[in-house]
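Notes follow the structure.
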Amino acid sequence: MAKESGTLDLQDLEEIRGLEREAEDVITDVAVVGGGTMGRGIAQTIAGKGINVIIVEKDEDNLRRSKEMLEEELDYEIERWALTESDKRAILARIQWSTDLEELDDYRWVIEAITENLQAKQDLFRHLDEICPPEAIFITNTSTLSITEIAAATKREDRVIGMHFINPVPKVPLVEIVRGLKTSDETYEKARKLAERLGKTAVEVYEYPGYVTTRIIVTMLNEAMHILMEGVASADGIDTAMKLGFNFPVGPLTLADQMGLDEVMAWMETLFRELGELKYRPCPLLRKLVRAGHLGKKTGRGFFIYDESGRKIGVAQ
Amino acid sequence: MKVLVLNCGSSSVKYQLIDTDERRSLATGSVSRIGMTGAVLSHRRYDGDEVKLSGEILDHQVAIEYVLSILLSKNHGVLKDRSEIDAVGHRVVHGGEKFTGSVLITPDVLKMIRECIDLAPLHNPHNLRGINACLNLLPGTPQVAVFDTAFHSKMPPYAYIYGIPYVLYKRYSIRRYGFHGTSHFYVSRRAAEILGKPIEELKMATCHLGNGCSIAAVDGGVSVDTSMGFTPLEGLLMGTRCGDLDPAVILHIMGREEIGLGEANTLLNKHSGLLGISGVSSDMRDVEAEAEAGNRRAQLALDVFTYRLRKYIGAYAAAMGGLNAIVFTGGIGENSAIVRSKTCQNLGFLGVEIDEEKNAQTAKQEAVISTDESRVKVLVVPTNEELVIALDTAEIVEKAKQGEETAPVGTS
């Protein structure tokens with residue numbers, strides 16, 4: 001304990017015994033690599049629980065954009081009554097920003113939330129393996145890739161695990177905890193504790209492409225795109241049908257736009273490649289939109305059209 | 001008897017060591033930000049010696065370990081040995097319908113407190129954590145639970161039943177419980193002593209105005225109605241809580257703003273009240289200053305606050321069939337002459353007459369602020385919940401020692 005005033009250092013007190021217990025289990029600092037939608041959501045959730053977070057981005061430009069986006073997102077949450085100004089200040093005060101991976105040399109919890117690409121994730125973890133202390137737990141937020149393959153890039157395959165958060169992370173109370181073939185029980189237990197600390201219900205899933213949520217949802221999104229392409233119903237009609245018919249908070253095409261059509265296509269391709277079944281083949285309409293650079297909400301155009309602040313303003317023709 | 005009084009919140013522990021024979025506080029303090037980075041322990045001894053430490057405090061048990069350590073420390077402590085603590089008294093927020101008084105903690109009692117978690121999911125789990133920590137750290141030291149709800153447990157059914165299907169009361173125990181019970185209990189007793197009258201003969205409206213605000217109708221020493229309900233959200237306007245509201249309003253807002261339960265909950269608990277109306281602050285001092293400077297919304301917030309309180313005083317006078325005293329307590333009640341004065345406006349027909357000079361001079365001290373002619377006495381009584389908890393604890397432990405009926409005192 002550091003002294004602020006007075007004349008006492010608690011460590012000097014002979015009476016204190018056994019305070020070291022469980023000290024290793026306590027989560028006080030977490031690193032999040034990647035400041036995109038998922039990385040920011042994860043960082044916000046962690047900081048909201050009183051834990052310090054460092055967000056690492058690849059360059060100053062991305063870092064600045066990520067920072068601005070987070071502030072905007074927090075303001076939006078306040079506008080939606082979900083947070084207060086003091087919540088926002090507390091969250092921002094607990095988040096540090098950096099472009100230097102070397103700063104993670106004393107972090108025992110590292111969460112990766114970079115692009116959904118095996119090579120990129122392997123390269124990152126290979127690098128982190130050299131920087132971070134040997135006991136550090138590496139968590140990947142992948143939604144379809146193999147934890148075992150990602151872990152193979154490191155010398156700590158037992159301490160690599162997947163935690164698949166769902167966007168918007170602060171609001172969705174679920175996390176899929178994914179074990180690779182070599183993930184140890186101890187690592188799983190720690191990840192479960194982290195999930196609990198973050199107020200998320202954990203579902204344990206074994207490594208298999210798409211796990212539970214991604215496999216079911218992107219297949220459904222793909223089906224909605226086929227229905228649109230085949231002219232069965234309009235984009236609005238499809239979304240309304242699923243919203244009202246099955247009490248979905250948003251329709252499937254809006255959801256695809258929110259997730260990013262390039263991401264949806266990447267997931268479908270992984271499922272198609274790994275599982276080989278035709279039902280996972282990305283819908284040609286999806287390919288066409290991605291090729292044209294219409295990636296959904298983030299580019300202002302996907303199945304629907306969006307204004308600068310991301311609000312839906314019409315249907316794309 | 002030396003009693004350690006503990007109030008365990010989600011990330012804090014407030015403590016006070018009280019000598020119940022002398023009714024004296026030996027030391028007081030708090031641990032905040034438990035389980036977060038930068039936990040802080042502030043400690044103050046009876047002689048004014050103060051110390052503040054920051055560092056990492058993992059959980060309630062470690063926090064209480066630190067509290068014990070500092071109570072025992074050579075430079076800042078007041079005890080030589082742990083065994084000098086004769087008993088521990090815990091503030092427990094919700095006793096549900098199970099507890100109508102303070103009880104000695106036994107395994108059965110612990111189980112029953114656990115069963116009340118559904119009613120106070122934000123509070124009871126932390127109170128339990130504190131109790132468990134003390135079971136580990138001070139084995140053999142008797143512990144007593146004092147409930148925030150207990151003082152209101154004698155309310156008649158017509159005061160606590162809501163106008164919704166009765167089956168929901170049976171199924172989920174949904175009814176008015178009321179909170180701040182220990183405070184209403186203390187100030188009503190103390191007011192009777194100050195007035196020199198037996199409490200059995202007095203009809204009082206006790207106003208606890210702090211971060212949370214509630215008023216109780218105390219008839220003959222018994223709380224017969226109170227403004228907080230199933231949760232502390234009902235009743236008076238508070239710093240950031242809305243208090244009374246047409247329930248349809250929230251359903252309407254949820255539809256219009258397309259928000260869910262979580263957001264609605266934050267809206268009513270954190271964005272409303274003085275802050276929500278004034279747009280200035282949740283702190284009455286800021287609201288008063290802004291109103292003084294001509295800010296109309298701050299003035300409106302102040303008006304809503306005092307008008308609603310006055311309505312409740314009138315309602316409780318009607319409920320009790322009379323009124324002998326109005327008691328103000330809590331941070332706002334003890335300090336704000338403006339709130340007290342505005343609240344008592346227009347209550348002349350009941351026999352309330354404020355002495356504005358006395359009122360203006362009173363802050364944080366016991367005082368009668370009505371005129372000598374006033375039929376209804378108006379008092380300021382600083383609350384002391386810790387003392388009540390300590391005295392209750394001492395009494396119950398004393399009785400248990402004498403082999404009388406140990407548990408659960410006053411429990412139905």
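Order determines the names: the first chain of the structure tokens is A, the second B, and so forth; residues in each chain are numbered 1 upward, and ligands are numbered 1 upward as they are shown.
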Would you list the contacts of Val378 in chain B as a PDB file with N, CA and C atoms, in the first residue's frame, taking every protein, DNA or RNA residue within 12 Å and counting only C-alpha atoms, but skipping same-chain residues closer than 4 positions in sequence?
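Once written, result37.pdb looks like this:
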ATOM      1  N   SER B 188     -36.887   9.666  15.903  1.00  0.00           N
ATOM      2  CA  SER B 188     -38.187   9.788  16.578  1.00  0.00           C
ATOM      3  C   SER B 188     -38.005   9.657  18.093  1.00  0.00           C
ATOM      4  N   ALA B 191     -36.245  12.833  19.326  1.00  0.00           N
ATOM      5  CA  ALA B 191     -37.149  13.990  19.320  1.00  0.00           C
ATOM      6  C   ALA B 191     -38.055  13.958  20.547  1.00  0.00           C
ATOM      7  N   ALA B 192     -38.550  12.762  20.902  1.00  0.00           N
ATOM      8  CA  ALA B 192     -39.415  12.644  22.079  1.00  0.00           C
ATOM      9  C   ALA B 192     -38.646  13.062  23.331  1.00  0.00           C
ATOM     10  N   ILE B 194     -36.076  15.140  23.459  1.00  0.00           N
ATOM     11  CA  ILE B 194     -35.862  16.588  23.423  1.00  0.00           C
ATOM     12  C   ILE B 194     -37.134  17.323  23.857  1.00  0.00           C
ATOM     13  N   LEU B 195     -38.293  16.811  23.402  1.00  0.00           N
ATOM     14  CA  LEU B 195     -39.566  17.456  23.744  1.00  0.00           C
ATOM     15  C   LEU B 195     -40.005  17.117  25.165  1.00  0.00           C
ATOM     16  N   MET B 204     -45.635  11.765  14.891  1.00  0.00           N
ATOM     17  CA  MET B 204     -44.531  12.490  14.259  1.00  0.00           C
ATOM     18  C   MET B 204     -44.393  12.162  12.780  1.00  0.00           C
ATOM     19  N   ALA B 205     -43.925  13.150  12.021  1.00  0.00           N
ATOM     20  CA  ALA B 205     -43.498  12.900  10.644  1.00  0.00           C
ATOM     21  C   ALA B 205     -41.988  13.088  10.639  1.00  0.00           C
ATOM     22  N   THR B 206     -41.242  11.985  10.427  1.00  0.00           N
ATOM     23  CA  THR B 206     -39.785  12.086  10.425  1.00  0.00           C
ATOM     24  C   THR B 206     -39.294  12.097   8.981  1.00  0.00           C
ATOM     25  N   CYS B 207     -38.510  13.122   8.641  1.00  0.00           N
ATOM     26  CA  CYS B 207     -38.054  13.300   7.262  1.00  0.00           C
ATOM     27  C   CYS B 207     -36.555  13.032   7.177  1.00  0.00           C
ATOM     28  N   ILE B 313     -46.308  15.245   4.381  1.00  0.00           N
ATOM     29  CA  ILE B 313     -46.543  15.601   5.787  1.00  0.00           C
ATOM     30  C   ILE B 313     -48.049  15.731   6.028  1.00  0.00           C
ATOM     31  N   LEU B 323     -50.917  15.575  14.342  1.00  0.00           N
ATOM     32  CA  LEU B 323     -49.472  15.716  14.193  1.00  0.00           C
ATOM     33  C   LEU B 323     -48.938  16.561  15.336  1.00  0.00           C
ATOM     34  N   ASN B 324     -47.925  16.023  16.058  1.00  0.00           N
ATOM     35  CA  ASN B 324     -47.314  16.781  17.141  1.00  0.00           C
ATOM     36  C   ASN B 324     -45.936  17.313  16.785  1.00  0.00           C
ATOM     37  N   ALA B 325     -45.256  16.611  15.860  1.00  0.00           N
ATOM     38  CA  ALA B 325     -43.888  17.050  15.554  1.00  0.00           C
ATOM     39  C   ALA B 325     -43.468  16.656  14.147  1.00  0.00           C
ATOM     40  N   ILE B 326     -42.653  17.527  13.551  1.00  0.00           N
ATOM     41  CA  ILE B 326     -41.986  17.219  12.285  1.00  0.00           C
ATOM     42  C   ILE B 326     -40.495  17.190  12.589  1.00  0.00           C
ATOM     43  N   VAL B 327     -39.816  16.131  12.178  1.00  0.00           N
ATOM     44  CA  VAL B 327     -38.390  16.002  12.470  1.00  0.00           C
ATOM     45  C   VAL B 327     -37.604  15.955  11.168  1.00  0.00           C
ATOM     46  N   PHE B 328     -36.578  16.795  11.062  1.00  0.00           N
ATOM     47  CA  PHE B 328     -35.707  16.785   9.884  1.00  0.00           C
ATOM     48  C   PHE B 328     -34.367  16.150  10.223  1.00  0.00           C
ATOM     49  N   THR B 329     -33.900  15.239   9.341  1.00  0.00           N
ATOM     50  CA  THR B 329     -32.578  14.660   9.536  1.00  0.00           C
ATOM     51  C   THR B 329     -31.958  14.321   8.179  1.00  0.00           C
ATOM     52  N   GLY B 333     -31.708  17.520   5.463  1.00  0.00           N
ATOM     53  CA  GLY B 333     -32.588  17.860   6.587  1.00  0.00           C
ATOM     54  C   GLY B 333     -31.852  18.561   7.710  1.00  0.00           C
ATOM     55  N   ARG B 340     -36.176  23.298   4.850  1.00  0.00           N
ATOM     56  CA  ARG B 340     -37.053  23.178   6.023  1.00  0.00           C
ATOM     57  C   ARG B 340     -38.112  24.276   6.007  1.00  0.00           C
ATOM     58  N   SER B 341     -37.689  25.486   5.689  1.00  0.00           N
ATOM     59  CA  SER B 341     -38.611  26.611   5.693  1.00  0.00           C
ATOM     60  C   SER B 341     -39.675  26.458   4.604  1.00  0.00           C
ATOM     61  N   THR B 343     -40.643  23.751   3.097  1.00  0.00           N
ATOM     62  CA  THR B 343     -41.491  22.591   3.354  1.00  0.00           C
ATOM     63  C   THR B 343     -42.624  22.950   4.311  1.00  0.00           C
ATOM     64  N   CYS B 344     -42.315  23.779   5.309  1.00  0.00           N
ATOM     65  CA  CYS B 344     -43.309  24.084   6.334  1.00  0.00           C
ATOM     66  C   CYS B 344     -44.244  25.232   5.955  1.00  0.00           C
ATOM     67  N   LEU B 347     -48.358  25.235   6.132  1.00  0.00           N
ATOM     68  CA  LEU B 347     -48.794  24.215   7.083  1.00  0.00           C
ATOM     69  C   LEU B 347     -49.348  24.855   8.354  1.00  0.00           C
ATOM     70  N   GLY B 351     -51.082  23.897  12.421  1.00  0.00           N
ATOM     71  CA  GLY B 351     -50.477  24.382  13.656  1.00  0.00           C
ATOM     72  C   GLY B 351     -48.966  24.423  13.604  1.00  0.00           C
ATOM     73  N   VAL B 352     -48.410  24.488  12.370  1.00  0.00           N
ATOM     74  CA  VAL B 352     -46.950  24.551  12.220  1.00  0.00           C
ATOM     75  C   VAL B 352     -46.516  26.005  12.057  1.00  0.00           C
ATOM     76  N   GLU B 353     -45.605  26.445  12.915  1.00  0.00           N
ATOM     77  CA  GLU B 353     -45.115  27.816  12.824  1.00  0.00           C
ATOM     78  C   GLU B 353     -43.606  27.803  13.040  1.00  0.00           C
ATOM     79  N   ILE B 354     -42.881  28.061  11.974  1.00  0.00           N
ATOM     80  CA  ILE B 354     -41.414  28.011  12.039  1.00  0.00           C
ATOM     81  C   ILE B 354     -40.859  29.319  12.609  1.00  0.00           C
ATOM     82  N   ASP B 355     -39.855  29.223  13.444  1.00  0.00           N
ATOM     83  CA  ASP B 355     -39.111  30.397  13.876  1.00  0.00           C
ATOM     84  C   ASP B 355     -37.956  30.556  12.895  1.00  0.00           C
ATOM     85  N   GLU B 356     -38.128  31.490  11.949  1.00  0.00           N
ATOM     86  CA  GLU B 356     -37.163  31.576  10.850  1.00  0.00           C
ATOM     87  C   GLU B 356     -35.744  31.865  11.331  1.00  0.00           C
ATOM     88  N   LYS B 358     -34.322  30.946  14.286  1.00  0.00           N
ATOM     89  CA  LYS B 358     -33.746  29.704  14.816  1.00  0.00           C
ATOM     90  C   LYS B 358     -33.424  28.748  13.675  1.00  0.00           C
ATOM     91  N   ASN B 359     -34.356  28.681  12.725  1.00  0.00           N
ATOM     92  CA  ASN B 359     -34.160  27.778  11.587  1.00  0.00           C
ATOM     93  C   ASN B 359     -32.878  28.123  10.845  1.00  0.00           C
ATOM     94  N   THR B 362     -29.654  26.985  12.490  1.00  0.00           N
ATOM     95  CA  THR B 362     -29.462  25.573  12.834  1.00  0.00           C
ATOM     96  C   THR B 362     -28.826  24.783  11.699  1.00  0.00           C
ATOM     97  N   GLU B 366     -28.846  19.405  17.182  1.00  0.00           N
ATOM     98  CA  GLU B 366     -30.204  19.207  17.651  1.00  0.00           C
ATOM     99  C   GLU B 366     -30.802  20.564  17.995  1.00  0.00           C
ATOM    100  N   ALA B 367     -32.024  20.798  17.527  1.00  0.00           N
ATOM    101  CA  ALA B 367     -32.668  22.068  17.831  1.00  0.00           C
ATOM    102  C   ALA B 367     -34.165  21.976  17.570  1.00  0.00           C
ATOM    103  N   VAL B 368     -34.921  22.768  18.315  1.00  0.00           N
ATOM    104  CA  VAL B 368     -36.336  22.946  18.013  1.00  0.00           C
ATOM    105  C   VAL B 368     -36.402  24.245  17.225  1.00  0.00           C
ATOM    106  N   ILE B 369     -36.935  24.188  16.001  1.00  0.00           N
ATOM    107  CA  ILE B 369     -36.897  25.389  15.159  1.00  0.00           C
ATOM    108  C   ILE B 369     -38.280  25.996  14.953  1.00  0.00           C
ATOM    109  N   SER B 370     -39.282  25.495  15.704  1.00  0.00           N
ATOM    110  CA  SER B 370     -40.604  26.113  15.636  1.00  0.00           C
ATOM    111  C   SER B 370     -40.706  27.177  16.738  1.00  0.00           C
ATOM    112  N   THR B 371     -41.720  28.039  16.617  1.00  0.00           N
ATOM    113  CA  THR B 371     -41.910  29.066  17.656  1.00  0.00           C
ATOM    114  C   THR B 371     -42.465  28.404  18.914  1.00  0.00           C
ATOM    115  N   ASP B 372     -42.367  29.090  20.024  1.00  0.00           N
ATOM    116  CA  ASP B 372     -42.881  28.521  21.275  1.00  0.00           C
ATOM    117  C   ASP B 372     -44.379  28.276  21.197  1.00  0.00           C
ATOM    118  N   GLU B 373     -45.078  29.087  20.358  1.00  0.00           N
ATOM    119  CA  GLU B 373     -46.537  28.954  20.266  1.00  0.00           C
ATOM    120  C   GLU B 373     -46.952  27.840  19.321  1.00  0.00           C
ATOM    121  N   SER B 374     -46.043  27.430  18.472  1.00  0.00           N
ATOM    122  CA  SER B 374     -46.388  26.451  17.442  1.00  0.00           C
ATOM    123  C   SER B 374     -46.954  25.176  18.080  1.00  0.00           C
TER     124      SER B 374
END
Practice problem: Looking only at strand (DSSP E or B) from DSSP on the backbone, list the matching residues of range 106-211 of chain B as a PyMOL selection string. | Solution: chain B and resi 143-147+203-209
Dump N, CA and C atoms for the selected residues as a PDB file, in the first residue's frame?
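Dumped everything to result.pdb:
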ATOM      1  N   GLN B 143     -22.334 -11.828  16.448  1.00  0.00           N
ATOM      2  CA  GLN B 143     -22.680 -10.856  15.412  1.00  0.00           C
ATOM      3  C   GLN B 143     -24.188 -10.658  15.381  1.00  0.00           C
ATOM      4  N   VAL B 144     -24.579  -9.432  15.105  1.00  0.00           N
ATOM      5  CA  VAL B 144     -26.002  -9.106  15.093  1.00  0.00           C
ATOM      6  C   VAL B 144     -26.333  -8.402  13.777  1.00  0.00           C
ATOM      7  N   ALA B 145     -27.486  -8.733  13.216  1.00  0.00           N
ATOM      8  CA  ALA B 145     -27.947  -8.055  12.002  1.00  0.00           C
ATOM      9  C   ALA B 145     -29.039  -7.060  12.380  1.00  0.00           C
ATOM     10  N   VAL B 146     -28.889  -5.826  11.899  1.00  0.00           N
ATOM     11  CA  VAL B 146     -29.891  -4.784  12.140  1.00  0.00           C
ATOM     12  C   VAL B 146     -30.432  -4.364  10.770  1.00  0.00           C
ATOM     13  N   PHE B 147     -31.731  -4.473  10.591  1.00  0.00           N
ATOM     14  CA  PHE B 147     -32.306  -4.305   9.258  1.00  0.00           C
ATOM     15  C   PHE B 147     -32.873  -2.907   9.027  1.00  0.00           C
ATOM     16  N   LYS B 203     -47.387  11.936  17.777  1.00  0.00           N
ATOM     17  CA  LYS B 203     -47.565  11.628  16.360  1.00  0.00           C
ATOM     18  C   LYS B 203     -46.554  12.465  15.591  1.00  0.00           C
ATOM     19  N   MET B 204     -45.635  11.765  14.891  1.00  0.00           N
ATOM     20  CA  MET B 204     -44.531  12.490  14.259  1.00  0.00           C
ATOM     21  C   MET B 204     -44.393  12.162  12.780  1.00  0.00           C
ATOM     22  N   ALA B 205     -43.925  13.150  12.021  1.00  0.00           N
ATOM     23  CA  ALA B 205     -43.498  12.900  10.644  1.00  0.00           C
ATOM     24  C   ALA B 205     -41.988  13.088  10.639  1.00  0.00           C
ATOM     25  N   THR B 206     -41.242  11.985  10.427  1.00  0.00           N
ATOM     26  CA  THR B 206     -39.785  12.086  10.425  1.00  0.00           C
ATOM     27  C   THR B 206     -39.294  12.097   8.981  1.00  0.00           C
ATOM     28  N   CYS B 207     -38.510  13.122   8.641  1.00  0.00           N
ATOM     29  CA  CYS B 207     -38.054  13.300   7.262  1.00  0.00           C
ATOM     30  C   CYS B 207     -36.555  13.032   7.177  1.00  0.00           C
ATOM     31  N   HIS B 208     -36.175  11.904   6.588  1.00  0.00           N
ATOM     32  CA  HIS B 208     -34.754  11.601   6.374  1.00  0.00           C
ATOM     33  C   HIS B 208     -34.402  12.076   4.967  1.00  0.00           C
ATOM     34  N   LEU B 209     -33.672  13.181   4.879  1.00  0.00           N
ATOM     35  CA  LEU B 209     -33.354  13.772   3.578  1.00  0.00           C
ATOM     36  C   LEU B 209     -31.846  13.744   3.355  1.00  0.00           C
TER      37      LEU B 209
END
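Coordinates place CA of Cys283 in chain A at a distance of 26.2 Å from CA of Ala113 in chain A.
When CA of Ala224 in chain A is paired with CA of Met38 in chain A, their separation reads 24.2 Å.
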Quiz prompt | Of the listed residues B:Val31, B:Val167, B:Leu267, B:Val397, that which approaches chain A most closely, counting only C-alpha atoms | solution = B:Leu267
Residues of chain B within 8 Å of chain A, counting only C-alpha atoms, what are they? List them as a compact mmCIF listing (two decimals) with N, CA and C atoms, in the first residue's frame.
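Contents of the output file selection-v9.txt:
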# COMPACT_ATOMS: atom_id res chain seq x y z
N GLY B 35 -11.86 -4.07 -4.54
CA GLY B 35 -11.84 -4.88 -5.75
C GLY B 35 -11.53 -4.07 -6.99
N MET B 36 -11.28 -2.77 -6.83
CA MET B 36 -10.92 -1.94 -7.98
C MET B 36 -9.49 -1.46 -7.77
N THR B 37 -8.97 -0.81 -8.80
CA THR B 37 -7.63 -0.26 -8.64
C THR B 37 -7.72 0.97 -7.75
N GLU B 50 -5.98 11.27 12.15
CA GLU B 50 -6.52 10.75 10.90
C GLU B 50 -5.45 10.11 10.06
N VAL B 51 -5.81 9.07 9.32
CA VAL B 51 -4.87 8.46 8.41
C VAL B 51 -5.62 7.99 7.18
N LYS B 52 -4.93 8.07 6.04
CA LYS B 52 -5.55 7.67 4.79
C LYS B 52 -4.56 6.82 4.02
N LEU B 53 -4.97 5.66 3.58
CA LEU B 53 -4.06 4.77 2.86
C LEU B 53 -4.69 4.36 1.55
N SER B 54 -3.84 4.17 0.53
CA SER B 54 -4.41 3.66 -0.72
C SER B 54 -3.59 2.48 -1.18
N GLY B 55 -4.22 1.61 -1.91
CA GLY B 55 -3.54 0.42 -2.40
C GLY B 55 -4.53 -0.54 -3.00
N GLU B 56 -4.23 -1.81 -2.87
CA GLU B 56 -5.12 -2.80 -3.47
C GLU B 56 -5.85 -3.57 -2.39
N LEU B 58 -8.70 -6.46 -2.14
CA LEU B 58 -9.33 -7.37 -3.10
C LEU B 58 -10.81 -7.62 -2.84
N VAL B 62 -10.67 -8.92 3.00
CA VAL B 62 -9.40 -8.21 3.12
C VAL B 62 -9.65 -6.80 3.67
N GLU B 65 -10.12 -7.08 7.24
CA GLU B 65 -8.82 -7.38 7.84
C GLU B 65 -8.02 -6.09 8.05
N TYR B 66 -8.04 -5.23 7.05
CA TYR B 66 -7.35 -3.95 7.17
C TYR B 66 -7.97 -3.09 8.27
N SER B 69 -6.80 -4.32 11.45
CA SER B 69 -5.39 -3.99 11.63
C SER B 69 -5.20 -2.55 12.08
N LEU B 72 -6.08 -1.94 15.55
CA LEU B 72 -5.10 -2.52 16.47
C LEU B 72 -3.74 -1.84 16.36
N SER B 73 -3.57 -0.95 15.39
CA SER B 73 -2.23 -0.43 15.12
C SER B 73 -1.74 0.44 16.27
N ASN B 75 0.13 3.18 16.28
CA ASN B 75 0.06 4.64 16.14
C ASN B 75 -1.35 5.19 15.98
N GLU B 257 -38.50 5.99 -26.49
CA GLU B 257 -37.04 6.09 -26.60
C GLU B 257 -36.41 4.76 -27.03
N ILE B 259 -35.91 1.98 -25.37
CA ILE B 259 -34.90 1.53 -24.42
C ILE B 259 -35.39 0.29 -23.69
N GLY B 262 -32.64 -2.18 -18.52
CA GLY B 262 -31.43 -1.64 -17.91
C GLY B 262 -31.39 -0.13 -18.01
N GLU B 263 -31.67 0.39 -19.22
CA GLU B 263 -31.64 1.83 -19.43
C GLU B 263 -32.75 2.51 -18.62
N ALA B 264 -33.92 1.89 -18.59
CA ALA B 264 -35.04 2.47 -17.85
C ALA B 264 -34.68 2.58 -16.37
N THR B 266 -31.64 2.83 -15.06
CA THR B 266 -30.66 3.91 -14.88
C THR B 266 -31.34 5.28 -14.99
N LEU B 267 -32.26 5.39 -15.95
CA LEU B 267 -32.98 6.65 -16.15
C LEU B 267 -33.67 7.09 -14.86
N LYS B 270 -30.71 7.19 -11.75
CA LYS B 270 -29.49 8.01 -11.83
C LYS B 270 -29.63 9.30 -12.63
N HIS B 271 -30.62 9.38 -13.51
CA HIS B 271 -30.75 10.59 -14.33
C HIS B 271 -31.89 11.48 -13.87
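With distances restricted to only C-alpha atoms, B:Thr28 is the closest residue to His76 in chain B from B:Thr28, B:Ala120, B:Leu104, B:Val109.
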Practice problem: Find the spatial neighbours of Glu112 in chain A, counting only C-alpha atoms, within a cut-off of 12 Å - ignore same-chain residues fewer than 6 positions away - and output them as number ranges by chain. | Solution: A: 30-36, 38-40, 42-43, 54-57, 101, 120-125, 128, 137-143, 150, 160-165
Can you pull out the residues contacting Arg129 in chain B? Cut-off 10 Å, using only C-alpha atoms, and skip same-chain residues under 6 positions away; I want them as a PDB file with C-alpha atoms, in the first residue's frame.
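So the final result, stored in part_3.pdb, reads:
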ATOM      1  CA  CYS B   8     -20.883  -3.168   3.678  1.00  0.00           C
ATOM      2  CA  GLY B   9     -21.797  -1.866   0.213  1.00  0.00           C
ATOM      3  CA  SER B  10     -20.894  -3.162  -3.227  1.00  0.00           C
ATOM      4  CA  ASP B  59     -12.545  -8.185  -1.321  1.00  0.00           C
ATOM      5  CA  HIS B  60     -14.644  -7.456   1.747  1.00  0.00           C
ATOM      6  CA  GLN B  61     -12.707  -9.909   3.871  1.00  0.00           C
ATOM      7  CA  LEU B 135     -17.218 -15.172  10.839  1.00  0.00           C
TER       8      LEU B 135
END
